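J.: Shown below is the structure under consideration.
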Amino acid sequence: MFEPVIAPSGTLLGMLQRGRGDGTLHALAAPRGEALAALNHCVLNDPRHDWQVENRSLYYARLYLDLHGGLDEIRRHLGGAEDAVDDDESRTGLALAVLGHLASYGRHDALELLRDYAARGANWEWALDELALRDDDTGLRALAEPVLARFPATPEGEADLAVAVRDAYEPRPWRLWEEDPRAAVGGRIRAAREAGSFDRWQRQLRPTGPRPGWSVQAVFDWADQGLERGTPLHVPAARCLAAVAVDADRPAIVVAAREGADGARCAALHYLAERQDPVLLDLVEHAVSTGSRTVAEAAVAAFERMCGEAAVDRARSWVHRPDALGASAAGVLACRGGSGDSMLVLGALRETVRADGPDAPLLWTLVDGTGRLGITCAAPVLRHVYRETASSRLRGRAARALAATDPTFVTGFAVECLWDCEETTREVAARHAETGDLRVAERLRRLAADPAEEAEVQTAVRSRMVPETPSH
């Protein structure tokens, strides 16, 4: 999948792509045709950098309802010729998820489109999962024959069917079809389920690959061999070391961590981190300075697993380094530093935004740290990250940090966040937004009554709507 092209944050399209609450508010105020064009562009060209963790489907479905939007563009997208040659689920997954939410809101046209795509489309398994949650038994039973027709009655076809039944995310349709008295339907599903269960049992018994011998040196050799094959094994090798190493092996492990071959060196570093051995702190700096990129990355990862004041104190001396260890040190201070580290965390936050932009991976930890430490003077940077980042998850973290650092949050971004695409961000807004704003009161009532809203959000909403008890 190609990286999505995100429009500027101040445009309607840019706000909708980011899933910002202001995207919905601006769309409702814009000419309807312009708003629907931007909405369709988002749904048909998934704007998420990580579509597996970021939410957009409910956000877009609600906007379709508010705009009384039709589904012709989605129908053309799902039924286009490209669907026959591109079965990447990221191409159609967002559109199918939006249809699922629309179906749950009573849009029969969305339900029919899902049924048709489950019968004919390349990403039929996703559509079937959406229907499993929303369709009735009659609608699902009607799909048995077109779905089974995808699997020819050959050994290869039956094997593929067994995999599909075994790995189904939502098993309800398959269980319904299993009850069908016809041998070509129920009989095939029952046989496929038995074959899938037997295959799972075989895989549990079957060795998964080479295993290390039961000695420290054998584990090191195994880690080196894995790296030579292009399969880093130092994390499982560290767990193996924990099982076989005794106190007398510590000197050899320390030597391996300082000067061993790359695989052994990485495994030793991780092992020492798991044991919280203080010698690791010196070894990390040495590895970053002298080791290969693989060793340096393993050393930084090992350092991040170290707890205690010694690791935090070492982070203070490393935080100004212009490399990965310096970035890691900033993250450690953000997570575990004290109030005296506030300016170091703030400096790292500002420098990261300046050098790497509002989507830098390190910002997740630094933004959390500013909220944890209550760094009020970080609010302008947090507002910039909130507006500009393309990650709805990072924006939600910025909102939580602003709630802890910015007194204007309750009347500013918190109001917008009630329409945000992420349920965790809506929950923050529900707890903080100033209810004197008429938009807030109306939105809280709507979220409380919406059956598609997450339980945590509704709990937060209702905590703000409890009537006052009259005093006596």
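Here's how to read the names in the structure tokens: chain A, B, ... by the order shown, residue numbers from 1 in each chain, ligand numbers from 1 in the order shown.
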Could you pull the residues within 10 Å of stretch 144-148 of chain A, counting only C-alpha atoms, minus those fewer than 4 positions along the same chain, as a ChimeraX atom specification?
T.: /A:116,118-120,124-125,128,139-140,152-153,157-158,161,173-174,176-178,180,184-186,188-189
J.: Please produce a file of the residues just selected, as a tab-separated table (two decimals), in the first residue's frame, where the atoms kept are N, CA, C and O atoms.
T.:
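Output below, filename again31.tsv:
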```tsv
chain	number	residue	atom	x	y	z
A	116	ASP	N	-24.05	-7.95	-1.58
A	116	ASP	CA	-23.62	-8.13	-2.96
A	116	ASP	C	-22.10	-8.29	-3.04
A	116	ASP	O	-21.60	-9.15	-3.78
A	118	ALA	N	-20.07	-9.36	-0.62
A	118	ALA	CA	-19.67	-10.63	-0.02
A	118	ALA	C	-19.84	-11.78	-1.01
A	118	ALA	O	-19.07	-12.75	-0.99
A	119	ALA	N	-20.82	-11.66	-1.89
A	119	ALA	CA	-21.06	-12.71	-2.88
A	119	ALA	C	-20.11	-12.61	-4.06
A	119	ALA	O	-19.74	-13.64	-4.65
A	120	ARG	N	-19.64	-11.39	-4.42
A	120	ARG	CA	-18.91	-11.23	-5.66
A	120	ARG	C	-17.51	-10.62	-5.50
A	120	ARG	O	-16.68	-10.76	-6.39
A	124	TRP	N	-14.15	-10.42	0.10
A	124	TRP	CA	-15.43	-10.92	0.58
A	124	TRP	C	-15.41	-11.29	2.05
A	124	TRP	O	-16.43	-11.19	2.75
A	125	GLU	N	-14.25	-11.71	2.55
A	125	GLU	CA	-14.19	-12.13	3.96
A	125	GLU	C	-14.46	-10.95	4.89
A	125	GLU	O	-15.15	-11.10	5.92
A	128	LEU	N	-18.13	-10.24	4.79
A	128	LEU	CA	-18.86	-11.27	5.54
A	128	LEU	C	-18.77	-11.02	7.04
A	128	LEU	O	-19.74	-11.22	7.78
A	139	GLY	N	-30.55	-13.48	5.70
A	139	GLY	CA	-29.60	-12.84	4.79
A	139	GLY	C	-28.28	-13.58	4.73
A	139	GLY	O	-27.68	-13.74	3.65
A	140	LEU	N	-27.81	-14.07	5.87
A	140	LEU	CA	-26.53	-14.80	5.88
A	140	LEU	C	-26.67	-16.16	5.20
A	140	LEU	O	-25.76	-16.59	4.48
A	152	PRO	N	-13.58	-24.60	-5.26
A	152	PRO	CA	-13.93	-25.74	-6.11
A	152	PRO	C	-13.84	-27.05	-5.33
A	152	PRO	O	-13.09	-27.16	-4.35
A	153	ALA	N	-14.61	-28.02	-5.77
A	153	ALA	CA	-14.64	-29.32	-5.10
A	153	ALA	C	-13.45	-30.16	-5.52
A	153	ALA	O	-13.57	-31.26	-6.08
A	157	GLY	N	-9.19	-26.96	-3.35
A	157	GLY	CA	-10.32	-26.14	-2.94
A	157	GLY	C	-10.81	-26.47	-1.55
A	157	GLY	O	-11.13	-25.58	-0.75
A	158	GLU	N	-10.87	-27.76	-1.23
A	158	GLU	CA	-11.31	-28.16	0.11
A	158	GLU	C	-10.30	-27.71	1.17
A	158	GLU	O	-10.68	-27.33	2.28
A	161	LEU	N	-10.88	-24.08	1.73
A	161	LEU	CA	-12.11	-23.89	2.51
A	161	LEU	C	-11.86	-24.17	3.98
A	161	LEU	O	-12.34	-23.44	4.86
A	173	PRO	N	-21.53	-16.81	10.44
A	173	PRO	CA	-22.06	-17.33	9.17
A	173	PRO	C	-21.71	-18.80	8.95
A	173	PRO	O	-22.56	-19.58	8.49
A	174	TRP	N	-20.48	-19.18	9.26
A	174	TRP	CA	-20.06	-20.55	9.03
A	174	TRP	C	-20.84	-21.52	9.91
A	174	TRP	O	-21.16	-22.64	9.49
A	176	LEU	N	-23.93	-21.05	10.94
A	176	LEU	CA	-25.26	-21.15	10.33
A	176	LEU	C	-25.24	-22.10	9.14
A	176	LEU	O	-26.14	-22.95	8.99
A	177	TRP	N	-24.23	-21.95	8.30
A	177	TRP	CA	-24.15	-22.79	7.11
A	177	TRP	C	-23.88	-24.25	7.48
A	177	TRP	O	-24.30	-25.16	6.77
A	178	GLU	N	-23.21	-24.47	8.57
A	178	GLU	CA	-22.93	-25.84	9.00
A	178	GLU	C	-24.21	-26.59	9.35
A	178	GLU	O	-24.27	-27.83	9.25
A	180	ASP	N	-26.93	-26.34	7.64
A	180	ASP	CA	-27.69	-26.58	6.42
A	180	ASP	C	-27.74	-28.08	6.12
A	180	ASP	O	-26.70	-28.75	6.13
A	184	ALA	N	-23.93	-30.35	-0.01
A	184	ALA	CA	-23.05	-29.41	-0.70
A	184	ALA	C	-22.80	-28.15	0.11
A	184	ALA	O	-21.93	-27.35	-0.25
A	185	VAL	N	-23.56	-27.96	1.18
A	185	VAL	CA	-23.37	-26.78	2.03
A	185	VAL	C	-22.95	-27.24	3.43
A	185	VAL	O	-21.78	-27.13	3.81
A	186	GLY	N	-23.91	-27.75	4.22
A	186	GLY	CA	-23.59	-28.17	5.58
A	186	GLY	C	-22.53	-29.25	5.63
A	186	GLY	O	-21.63	-29.22	6.48
A	188	ARG	N	-20.10	-29.90	3.49
A	188	ARG	CA	-18.77	-29.35	3.17
A	188	ARG	C	-18.21	-28.54	4.34
A	188	ARG	O	-17.02	-28.63	4.66
A	189	ILE	N	-19.06	-27.74	4.99
A	189	ILE	CA	-18.59	-26.91	6.11
A	189	ILE	C	-18.15	-27.80	7.27
A	189	ILE	O	-17.11	-27.56	7.90
```
J.: Among stretch 11-194 of chain A, which ones does DSSP place in helix (DSSP H, G or I), written as a PyMOL selection string?
T.: chain A and resi 12-18+21-29+32-44+57-67+72-79+81-84+89-104+108-120+124-134+137-141+144-148+155-166+172-178+183-194
J.: Determine, counting only C-alpha atoms, which protein, DNA and RNA residues have an atom within 7 Å of an atom of A:Pro47; residues of the same chain fewer than 6 positions away are not included. Present the result as a list in words.
T.: Pro4, Ile6 and Gln17 of chain A
J.: Hey, what's within 9 Å of A:Gly93 if we count only C-alpha atoms and toss same-chain stuff fewer than 6 positions away? As a list in words, please?
T.: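 Residues meeting the cut-off are Asp46, Trp51, Asn123, Trp126 and Ala127 of chain A.
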